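Below is work.pdb, holding PDB, C-alpha atoms.
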```
ATOM      1  CA  MET A   1      -1.133   9.997  33.182
ATOM      2  CA  GLY A   2      -1.052  13.418  31.532
ATOM      3  CA  LEU A   3       0.718  11.913  28.528
ATOM      4  CA  LEU A   4      -1.908   9.225  28.245
ATOM      5  CA  ALA A   5      -4.668  11.814  28.406
ATOM      6  CA  VAL A   6      -3.100  13.794  25.567
ATOM      7  CA  GLY A   7      -2.351  10.639  23.589
ATOM      8  CA  LEU A   8      -5.899   9.404  23.771
ATOM      9  CA  ARG A   9      -7.154  12.597  22.231
ATOM     10  CA  LEU A  10      -4.794  12.416  19.248
ATOM     11  CA  ASP A  11      -5.932  10.589  16.141
ATOM     12  CA  PRO A  12      -3.474   7.788  15.376
ATOM     13  CA  ARG A  13      -4.628   7.853  11.759
ATOM     14  CA  GLU A  14      -3.160  11.313  11.405
ATOM     15  CA  VAL A  15       0.296  10.217  10.373
ATOM     16  CA  PRO A  16       2.492  13.255   9.750
ATOM     17  CA  SER A  17       3.356  13.218   6.066
ATOM     18  CA  PRO A  18       7.021  13.522   5.146
ATOM     19  CA  LEU A  19       5.855  15.043   1.847
ATOM     20  CA  ILE A  20       4.939  18.425   3.294
ATOM     21  CA  GLY A  21       7.384  20.974   1.904
ATOM     22  CA  LYS A  22       8.513  18.565  -0.811
ATOM     23  CA  PRO A  23       7.741  18.736  -4.536
ATOM     24  CA  ALA A  24       4.540  16.965  -5.544
ATOM     25  CA  PRO A  25       5.592  13.583  -6.979
ATOM     26  CA  ALA A  26       5.563  13.536 -10.768
ATOM     27  CA  PHE A  27       2.835  11.764 -12.677
ATOM     28  CA  GLU A  28       1.513  11.476 -16.183
ATOM     29  CA  LEU A  29      -1.894   9.846 -16.017
ATOM     30  CA  PRO A  30      -4.821   9.426 -18.400
ATOM     31  CA  LEU A  31      -7.943  11.468 -17.747
ATOM     32  CA  LEU A  32     -10.898   9.621 -16.315
ATOM     33  CA  GLN A  33     -13.263  11.017 -18.912
ATOM     34  CA  GLN A  34     -10.869  10.986 -21.863
ATOM     35  CA  PRO A  35      -8.528   7.992 -21.654
ATOM     36  CA  ASP A  36      -6.567   9.147 -24.678
ATOM     37  CA  LYS A  37      -5.585  12.418 -23.007
ATOM     38  CA  SER A  38      -3.066  12.629 -20.219
ATOM     39  CA  PHE A  39      -2.421  15.087 -17.448
ATOM     40  CA  SER A  40       0.650  15.828 -15.364
ATOM     41  CA  GLN A  41       1.228  17.701 -12.124
ATOM     42  CA  LYS A  42       3.462  19.968 -14.260
ATOM     43  CA  ASP A  43       0.358  21.273 -16.021
ATOM     44  CA  MET A  44      -0.567  23.023 -12.752
ATOM     45  CA  LEU A  45       2.731  24.867 -12.231
ATOM     46  CA  GLY A  46       2.107  28.539 -11.586
ATOM     47  CA  THR A  47      -1.219  27.910  -9.848
ATOM     48  CA  VAL A  48      -2.122  27.097  -6.269
ATOM     49  CA  TRP A  49      -4.254  23.971  -6.557
ATOM     50  CA  VAL A  50      -5.942  21.251  -4.592
ATOM     51  CA  MET A  51      -5.702  17.548  -5.313
ATOM     52  CA  ASN A  52      -8.464  15.310  -4.019
ATOM     53  CA  VAL A  53      -7.980  11.544  -4.002
ATOM     54  CA  TRP A  54     -11.288   9.710  -4.238
ATOM     55  CA  ALA A  55     -12.978   6.504  -5.352
ATOM     56  CA  SER A  56     -16.549   5.503  -6.041
ATOM     57  CA  TRP A  57     -16.192   2.564  -3.615
ATOM     58  CA  CYS A  58     -15.244   4.876  -0.749
ATOM     59  CA  PRO A  59     -18.199   5.990   1.415
ATOM     60  CA  PRO A  60     -16.350   8.851   3.184
ATOM     61  CA  CYS A  61     -15.577  10.271  -0.270
ATOM     62  CA  LEU A  62     -19.284  10.658  -0.816
ATOM     63  CA  VAL A  63     -19.618  12.292   2.602
ATOM     64  CA  GLU A  64     -16.979  14.923   1.845
ATOM     65  CA  HIS A  65     -18.060  15.470  -1.754
ATOM     66  CA  PRO A  66     -20.293  18.481  -1.003
ATOM     67  CA  VAL A  67     -17.375  20.122   0.830
ATOM     68  CA  VAL A  68     -14.998  19.501  -2.072
ATOM     69  CA  SER A  69     -17.647  20.758  -4.485
ATOM     70  CA  ALA A  70     -18.235  23.931  -2.486
ATOM     71  CA  LEU A  71     -14.504  24.601  -2.359
ATOM     72  CA  ALA A  72     -14.183  24.162  -6.129
ATOM     73  CA  ARG A  73     -17.310  26.260  -6.790
ATOM     74  CA  SER A  74     -15.962  29.119  -4.703
ATOM     75  CA  GLY A  75     -13.214  29.489  -7.319
ATOM     76  CA  ILE A  76     -10.520  29.918  -4.685
ATOM     77  CA  ALA A  77      -8.389  27.219  -6.337
ATOM     78  CA  PRO A  78      -8.877  24.568  -8.999
ATOM     79  CA  VAL A  79      -9.440  21.060  -7.634
ATOM     80  CA  VAL A  80      -7.909  18.162  -9.516
ATOM     81  CA  GLY A  81      -9.408  14.763  -8.807
ATOM     82  CA  LEU A  82      -7.298  11.632  -8.569
ATOM     83  CA  ASN A  83      -9.528   8.634  -9.011
ATOM     84  CA  TYR A  84      -7.934   5.848  -6.984
ATOM     85  CA  LYS A  85      -8.127   2.127  -7.788
ATOM     86  CA  ASP A  86     -11.527   2.453  -9.317
ATOM     87  CA  ALA A  87     -13.268   1.199 -12.444
ATOM     88  CA  ARG A  88     -14.293   3.728 -15.074
ATOM     89  CA  GLU A  89     -17.763   2.203 -15.285
ATOM     90  CA  ASP A  90     -18.234   2.915 -11.558
ATOM     91  CA  ALA A  91     -16.411   6.239 -11.323
ATOM     92  CA  LEU A  92     -18.133   7.988 -14.241
ATOM     93  CA  PRO A  93     -21.707   7.332 -13.037
ATOM     94  CA  TRP A  94     -20.607   8.358  -9.522
ATOM     95  CA  LEU A  95     -19.583  11.778 -10.848
ATOM     96  CA  LYS A  96     -22.787  12.026 -12.839
ATOM     97  CA  ARG A  97     -24.866  11.246  -9.739
ATOM     98  CA  ASN A  98     -22.988  13.413  -7.277
ATOM     99  CA  GLY A  99     -21.747  16.225  -9.476
ATOM    100  CA  ASP A 100     -18.302  16.809 -10.962
ATOM    101  CA  PRO A 101     -16.498  19.716  -9.300
ATOM    102  CA  PHE A 102     -13.088  18.778 -10.677
ATOM    103  CA  LYS A 103     -11.082  20.749 -13.186
ATOM    104  CA  VAL A 104      -9.904  17.366 -14.441
ATOM    105  CA  THR A 105      -9.850  13.916 -12.913
ATOM    106  CA  VAL A 106      -6.835  11.708 -13.505
ATOM    107  CA  TYR A 107      -7.267   7.970 -13.450
ATOM    108  CA  ASP A 108      -4.878   5.960 -11.246
ATOM    109  CA  ALA A 109      -6.319   2.492 -11.735
ATOM    110  CA  ALA A 110      -3.361   0.640 -10.190
ATOM    111  CA  GLY A 111      -2.926   3.087  -7.319
ATOM    112  CA  ARG A 112       0.718   3.409  -8.264
ATOM    113  CA  ILE A 113       0.856   7.217  -8.242
ATOM    114  CA  ALA A 114      -1.113   7.284  -5.002
ATOM    115  CA  ILE A 115       1.719   5.317  -3.382
ATOM    116  CA  ASP A 116       4.104   8.096  -4.430
ATOM    117  CA  TYR A 117       1.827  10.555  -2.657
ATOM    118  CA  GLY A 118       1.777   8.372   0.459
ATOM    119  CA  VAL A 119      -1.958   7.771   0.136
ATOM    120  CA  TYR A 120      -3.179   5.216   2.640
ATOM    121  CA  GLY A 121      -6.756   6.139   3.403
ATOM    122  CA  VAL A 122      -9.057   7.655   0.814
ATOM    123  CA  PRO A 123     -10.210  10.350   0.685
ATOM    124  CA  GLU A 124      -7.061  12.435   0.923
ATOM    125  CA  THR A 125      -6.619  16.076   0.018
ATOM    126  CA  TYR A 126      -3.458  17.998  -0.835
ATOM    127  CA  VAL A 127      -2.768  21.689  -1.260
ATOM    128  CA  ILE A 128       0.047  22.341  -3.718
ATOM    129  CA  ASP A 129       1.582  25.757  -4.265
ATOM    130  CA  ARG A 130       2.613  27.550  -7.466
ATOM    131  CA  ASN A 131       6.037  25.993  -7.443
ATOM    132  CA  GLY A 132       4.596  22.517  -7.170
ATOM    133  CA  ILE A 133       5.425  22.101  -3.471
ATOM    134  CA  ILE A 134       2.991  20.194  -1.226
ATOM    135  CA  ARG A 135       1.890  22.520   1.577
ATOM    136  CA  TYR A 136      -0.858  20.553   3.252
ATOM    137  CA  LYS A 137      -2.240  17.070   3.404
ATOM    138  CA  ARG A 138      -5.455  15.855   4.920
ATOM    139  CA  VAL A 139      -6.132  12.148   5.395
ATOM    140  CA  GLY A 140      -9.824  11.368   5.639
ATOM    141  CA  PRO A 141     -12.877  13.378   4.652
ATOM    142  CA  LEU A 142     -12.763  17.157   4.468
ATOM    143  CA  THR A 143     -15.235  18.777   6.811
ATOM    144  CA  PRO A 144     -16.726  22.239   6.284
ATOM    145  CA  GLU A 145     -14.743  23.286   9.354
ATOM    146  CA  ILE A 146     -11.390  22.135   7.972
ATOM    147  CA  ALA A 147     -12.159  23.719   4.597
ATOM    148  CA  GLN A 148     -13.022  26.999   6.298
ATOM    149  CA  LYS A 149     -10.338  27.155   8.970
ATOM    150  CA  LYS A 150      -7.380  25.441   7.313
ATOM    151  CA  LEU A 151      -7.678  25.139   3.541
ATOM    152  CA  ARG A 152      -9.082  28.531   2.660
ATOM    153  CA  PRO A 153      -6.651  30.612   4.736
ATOM    154  CA  LEU A 154      -3.739  28.524   3.486
ATOM    155  CA  ILE A 155      -4.788  28.803  -0.163
ATOM    156  CA  GLU A 156      -5.338  32.540   0.196
ATOM    157  CA  GLU A 157      -1.940  32.998   1.750
ATOM    158  CA  LEU A 158      -0.190  30.879  -0.859
ATOM    159  CA  SER A 159      -1.960  32.751  -3.655
ATOM    160  CA  LYS A 160      -0.844  36.085  -2.249
ATOM    161  CA  ARG A 161       2.747  34.989  -2.006
ATOM    162  CA  GLY A 162       3.102  35.143  -5.781
TER     163      GLY A 162
ATOM    164  CA  MET B 163      -6.056 -44.925  -5.802
ATOM    165  CA  ALA B 164      -8.105 -41.816  -6.392
ATOM    166  CA  ARG B 165      -7.773 -41.040  -2.731
ATOM    167  CA  LEU B 166      -4.034 -41.432  -2.935
ATOM    168  CA  VAL B 167      -3.851 -39.089  -5.914
ATOM    169  CA  SER B 168      -5.933 -36.423  -4.212
ATOM    170  CA  LEU B 169      -3.799 -36.761  -1.107
ATOM    171  CA  PHE B 170      -0.704 -36.293  -3.242
ATOM    172  CA  LEU B 171      -2.242 -33.232  -4.884
ATOM    173  CA  LEU B 172      -3.175 -31.819  -1.533
ATOM    174  CA  VAL B 173       0.393 -32.120  -0.332
ATOM    175  CA  ALA B 174       2.124 -31.174  -3.559
ATOM    176  CA  LEU B 175      -0.003 -28.255  -4.704
ATOM    177  CA  PRO B 176       1.194 -25.689  -2.209
ATOM    178  CA  PHE B 177       4.765 -26.480  -3.173
ATOM    179  CA  GLN B 178       3.834 -26.109  -6.804
ATOM    180  CA  VAL B 179       2.353 -22.666  -6.136
ATOM    181  CA  MET B 180       5.345 -21.587  -4.096
ATOM    182  CA  GLY B 181       7.730 -22.903  -6.695
ATOM    183  CA  GLN B 182       6.423 -20.498  -9.308
ATOM    184  CA  GLU B 183       8.137 -17.608  -7.614
ATOM    185  CA  ASP B 184      11.746 -17.366  -6.682
ATOM    186  CA  PRO B 185      11.715 -18.610  -3.069
ATOM    187  CA  GLY B 186      14.757 -16.526  -2.129
ATOM    188  CA  LEU B 187      13.041 -13.375  -3.361
ATOM    189  CA  GLU B 188       9.817 -14.283  -1.551
ATOM    190  CA  ARG B 189      11.764 -14.752   1.660
ATOM    191  CA  ARG B 190      13.299 -11.296   1.306
ATOM    192  CA  VAL B 191       9.884  -9.767   0.512
ATOM    193  CA  THR B 192       8.351 -11.391   3.580
ATOM    194  CA  SER B 193      11.115 -10.422   5.950
ATOM    195  CA  LEU B 194      10.968  -6.808   4.744
ATOM    196  CA  ALA B 195       7.183  -6.801   4.965
ATOM    197  CA  HIS B 196       7.560  -7.792   8.619
ATOM    198  CA  GLU B 197       9.548  -4.608   9.238
ATOM    199  CA  LEU B 198       6.954  -2.295   7.721
ATOM    200  CA  ARG B 199       3.657  -1.134   9.112
ATOM    201  CA  CYS B 200       0.384  -1.444   7.302
ATOM    202  CA  LEU B 201      -0.997   2.081   7.574
ATOM    203  CA  VAL B 202      -4.573   1.009   7.059
ATOM    204  CA  CYS B 203      -4.614  -1.379   9.999
ATOM    205  CA  GLN B 204      -1.916   0.206  12.046
ATOM    206  CA  ASN B 205      -1.140  -2.563  14.491
ATOM    207  CA  GLN B 206      -0.295  -5.041  11.771
ATOM    208  CA  THR B 207       2.766  -5.332   9.613
ATOM    209  CA  LEU B 208       2.580  -5.366   5.847
ATOM    210  CA  ALA B 209       3.249  -9.102   6.037
ATOM    211  CA  ASP B 210       0.272  -9.789   8.314
ATOM    212  CA  SER B 211      -2.267  -7.556   6.641
ATOM    213  CA  ASN B 212      -4.657  -8.401   3.854
ATOM    214  CA  ALA B 213      -5.677  -4.810   3.235
ATOM    215  CA  PRO B 214      -5.518  -3.950  -0.483
ATOM    216  CA  LEU B 215      -2.897  -1.282   0.193
ATOM    217  CA  ALA B 216      -0.737  -3.821   2.032
ATOM    218  CA  GLN B 217      -0.974  -6.123  -0.971
ATOM    219  CA  ASP B 218       0.011  -3.276  -3.279
ATOM    220  CA  LEU B 219       2.943  -2.354  -1.089
ATOM    221  CA  ARG B 220       4.087  -5.968  -0.908
ATOM    222  CA  SER B 221       4.119  -6.177  -4.688
ATOM    223  CA  GLN B 222       5.929  -2.844  -4.697
ATOM    224  CA  ILE B 223       8.598  -4.407  -2.431
ATOM    225  CA  ARG B 224       8.778  -7.465  -4.683
ATOM    226  CA  GLU B 225       9.157  -5.360  -7.845
ATOM    227  CA  GLN B 226      11.910  -3.253  -6.361
ATOM    228  CA  LEU B 227      13.883  -6.182  -4.971
ATOM    229  CA  LYS B 228      13.512  -7.941  -8.303
ATOM    230  CA  ALA B 229      14.883  -4.850 -10.023
ATOM    231  CA  GLY B 230      18.012  -5.199  -7.907
ATOM    232  CA  LYS B 231      17.236  -2.636  -5.199
ATOM    233  CA  SER B 232      18.556  -3.310  -1.727
ATOM    234  CA  GLU B 233      16.505  -3.680   1.474
ATOM    235  CA  ARG B 234      17.750  -0.240   2.514
ATOM    236  CA  ASP B 235      16.501   1.282  -0.770
ATOM    237  CA  VAL B 236      13.034  -0.177  -0.258
ATOM    238  CA  ILE B 237      12.851   1.069   3.328
ATOM    239  CA  ASP B 238      13.955   4.547   2.212
ATOM    240  CA  PHE B 239      11.281   4.469  -0.505
ATOM    241  CA  MET B 240       8.584   3.724   2.089
ATOM    242  CA  VAL B 241       9.837   6.257   4.643
ATOM    243  CA  ALA B 242       9.982   8.988   1.970
ATOM    244  CA  ARG B 243       6.270   8.438   1.333
ATOM    245  CA  TYR B 244       4.776   7.407   4.642
ATOM    246  CA  GLY B 245       7.270   8.717   7.207
ATOM    247  CA  ASP B 246       8.995   6.932  10.096
ATOM    248  CA  PHE B 247       5.639   5.599  11.213
ATOM    249  CA  VAL B 248       5.818   3.014   8.453
ATOM    250  CA  LEU B 249       8.739   1.387  10.284
ATOM    251  CA  TYR B 250       7.358  -1.227  12.629
ATOM    252  CA  ARG B 251      10.351  -0.712  14.889
ATOM    253  CA  PRO B 252      10.789   3.029  15.284
ATOM    254  CA  PRO B 253      14.322   4.347  14.766
ATOM    255  CA  PHE B 254      16.253   5.923  17.616
ATOM    256  CA  LYS B 255      16.481   9.635  16.915
ATOM    257  CA  ALA B 256      15.672  13.008  18.446
ATOM    258  CA  THR B 257      11.935  12.849  17.826
ATOM    259  CA  THR B 258      11.641   9.326  19.238
ATOM    260  CA  LEU B 259      13.929   9.887  22.226
ATOM    261  CA  ALA B 260      11.020  10.045  24.679
ATOM    262  CA  LEU B 261       9.553   6.888  23.182
ATOM    263  CA  TRP B 262      12.728   4.891  23.711
ATOM    264  CA  THR B 263      13.906   6.289  27.012
ATOM    265  CA  GLY B 264      10.511   7.118  28.546
ATOM    266  CA  PRO B 265       9.834   3.707  30.094
ATOM    267  CA  PHE B 266      13.290   3.591  31.700
ATOM    268  CA  VAL B 267      12.965   7.136  32.997
ATOM    269  CA  LEU B 268       9.586   6.262  34.515
ATOM    270  CA  LEU B 269      11.006   3.084  36.040
ATOM    271  CA  ALA B 270      13.899   4.991  37.634
ATOM    272  CA  LEU B 271      11.509   7.640  38.917
ATOM    273  CA  GLY B 272       9.267   4.979  40.452
ATOM    274  CA  ALA B 273      12.216   3.253  42.113
ATOM    275  CA  TRP B 274      13.474   6.534  43.527
ATOM    276  CA  LEU B 275      10.039   7.413  44.966
ATOM    277  CA  LEU B 276       9.727   3.945  46.482
ATOM    278  CA  VAL B 277      13.164   4.130  48.143
ATOM    279  CA  ARG B 278      12.419   7.574  49.497
ATOM    280  CA  ARG B 279       9.111   6.448  50.932
ATOM    281  CA  VAL B 280      10.531   3.340  52.555
ATOM    282  CA  ARG B 281      13.400   5.294  54.100
ATOM    283  CA  LYS B 282      11.086   7.966  55.439
ATOM    284  CA  ARG B 283       8.927   5.445  57.217
ATOM    285  CA  ALA B 284       9.534   6.000  60.966
ATOM    286  CA  PRO B 285      10.936   2.983  62.863
ATOM    287  CA  PRO B 286       8.358   1.344  65.165
ATOM    288  CA  PRO B 287       8.374   3.004  68.615
ATOM    289  CA  GLU B 288      10.201   1.202  71.422
ATOM    290  CA  LEU B 289       7.933  -0.516  73.954
ATOM    291  CA  THR B 290       7.887   0.812  77.476
ATOM    292  CA  GLU B 291       8.674  -1.506  80.382
ATOM    293  CA  ALA B 292       4.949  -1.713  81.293
ATOM    294  CA  GLU B 293       3.944  -2.602  77.733
ATOM    295  CA  ARG B 294       6.629  -5.263  77.609
ATOM    296  CA  ARG B 295       5.312  -6.871  80.762
ATOM    297  CA  ARG B 296       1.740  -6.770  79.491
ATOM    298  CA  ALA B 297       2.813  -8.368  76.186
ATOM    299  CA  ALA B 298       4.630 -11.137  78.032
ATOM    300  CA  GLN B 299       1.510 -11.740  80.125
ATOM    301  CA  LEU B 300      -0.701 -11.980  77.041
ATOM    302  CA  LEU B 301       1.676 -14.379  75.353
ATOM    303  CA  GLU B 302       1.721 -16.819  78.175
TER     304      GLU B 302
END
```
Show me this structure written as structure tokens.
Amino acid sequence: MGLLAVGLRLDPREVPSPLIGKPAPAFELPLLQQPDKSFSQKDMLGTVWVMNVWASWCPPCLVEHPVVSALARSGIAPVVGLNYKDAREDALPWLKRNGDPFKVTVYDAAGRIAIDYGVYGVPETYVIDRNGIIRYKRVGPLTPEIAQKKLRPLIEELSKRG
Amino acid sequence: MARLVSLFLLVALPFQVMGQEDPGLERRVTSLAHELRCLVCQNQTLADSNAPLAQDLRSQIREQLKAGKSERDVIDFMVARYGDFVLYRPPFKATTLALWTGPFVLLALGAWLLVRRVRKRAPPPELTEAERRRAAQLLE
């Protein structure tokens, strides 16, 4: 009975990611805004950064967008967007409408790189440290509470570690 | 005649569609997809689900098998990304010990409690001579 009570309160969508503590999977993807330019996770080495997986067809992405934007605006860490299985003609107006907080947005039209990151429910958010190691993963929308209580302290700590 | 032709088409078309792919490969893809969980709709396997991610992962399986990877390689690929949860049948290891043995432990515990309770139950009290006589009277 006690087990059941605990189990019912857990979120079965929160699947523990085996990627925590592992290097961020490599990618080399075109930018959403400039298809002729590409971006790699290697370009972020030396910086603590956040990767946010989003799509214009994903309603919870819109819900969390103000939280992602506030995090990026605070300057605590750069946020890289990964646009997932979207069409440029939908994604670009979406950013125009809702604001573009991302340092860059990479364009994963086939969702192939997202598979390497174990993405299964957009939005997803990753914190990656200076050495390119994944330290945190959130499946589902970021809430102001999670940003405040989990992401910020973690980013601050990782930034201090040098 | 037209009816006969359309009937033939109706019967033959599915085979035509299936024939385009290597049936042996498709069989391997399907049987592997039955072993893997669709993480979007968690109580379905990748084979049963029509979620876009399930479709992507099925084509991922197909690509890898086609490239000569083994079933084990594909399963390792999925576990590395999605964790043990992606396995529809969880493996037996330290973290899943309670999952596998729990039901049996609970069953044994229940049986033990039941036996103890039954044994503890006091035997019915013996009837006194007067009660015996009264019972005999009532039964007559």
Chain and number of each residue from the PyMOL selection byres ((chain B and resi 209) around 6), as a PyMOL selection string: chain B and resi 195-196+207-208+210-211
Interatomic distance, CA of Arg251 (chain B) to CA of Leu215 (chain B) (Å, one decimal):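 Computing it gives 19.8 Å between the two atoms.
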Sort by chain and increasing residue number a table of all residues of chain A within 10 Å of chain B, each with its closest pair of atoms and their distance in Å to one decimal, counting only C-alpha atoms, and write it as a tab-separated table.
```
residue	atom	partner	partner_atom	distance
A:Pro12	CA	B:Gln204	CA	8.4
A:Arg13	CA	B:Leu201	CA	8.0
A:Val15	CA	B:Phe247	CA	7.1
A:Pro16	CA	B:Gly245	CA	7.1
A:Ser17	CA	B:Gly245	CA	6.1
A:Pro18	CA	B:Gly245	CA	5.2
A:Leu19	CA	B:Arg243	CA	6.6
A:Pro25	CA	B:Arg243	CA	9.8
A:Lys85	CA	B:Pro214	CA	9.9
A:Ala110	CA	B:Asp218	CA	8.6
A:Gly111	CA	B:Asp218	CA	8.1
A:Arg112	CA	B:Asp218	CA	8.4
A:Ala114	CA	B:Arg243	CA	9.8
A:Ile115	CA	B:Arg243	CA	7.3
A:Asp116	CA	B:Arg243	CA	6.2
A:Tyr117	CA	B:Arg243	CA	6.3
A:Gly118	CA	B:Arg243	CA	4.6
A:Val119	CA	B:Tyr244	CA	8.1
A:Tyr120	CA	B:Leu201	CA	6.2
A:Gly121	CA	B:Val202	CA	6.7
```
Within 12 Å of Glu157 (chain A) using all atoms listed in the file, minus same-chain residues under 4 positions, as a count of residues only: 13
Gap from CA of Ala70 (chain A) to CA of Leu142 (chain A) - Å, one decimal: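 A separation of 11.1 Å between them.
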Two-atom distance - CA of Glu225 (chain B), CA of Ala91 (chain A) (Å):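 Distance between the two atoms: 28.3 Å.
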Matched chain/residue IDs from the PyMOL selection byres ((chain A and resi 36-46) around 7), as a PyMOL selection string: chain A and resi 26-31+34-35+47-48+106+130-132
Box along x, y and z, 8 Å on every side, all listed atoms of region 62-79 of chain A inside: centre and edge lengths in Å to one decimal, as JSON.
```
{"center_x": -14.3, "center_y": 20.3, "center_z": -3.2, "size_x": 27.9, "size_y": 35.3, "size_z": 27.6}
```
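Minimum distance to Leu198 (chain B) across B:Gly186, B:Lys228, B:Val277, B:Pro252 (counting all atoms listed in the file) occurs at B:Pro252.
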Nearest-residue call for Arg190 (chain B), choices B:Leu261, B:Trp274, B:Leu227, B:Arg283, using all atoms listed in the file: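 Closest candidate: B:Leu227.
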Residue with smallest distance to Arg88 (chain A) - pool A:Cys61, A:Val53, A:Ala109, A:Ala24, counting only C-alpha atoms: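 Checking each candidate against Arg88 (chain A), we get A:Ala109 as the closest.
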Option closest in space to Asp108 (chain A), from A:Glu124, A:Leu32, A:Gly21, A:Glu89 [counting all atoms listed in the file]: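 Among A:Glu124, A:Leu32, A:Gly21, A:Glu89, it is A:Leu32 that comes nearest to Asp108 (chain A).
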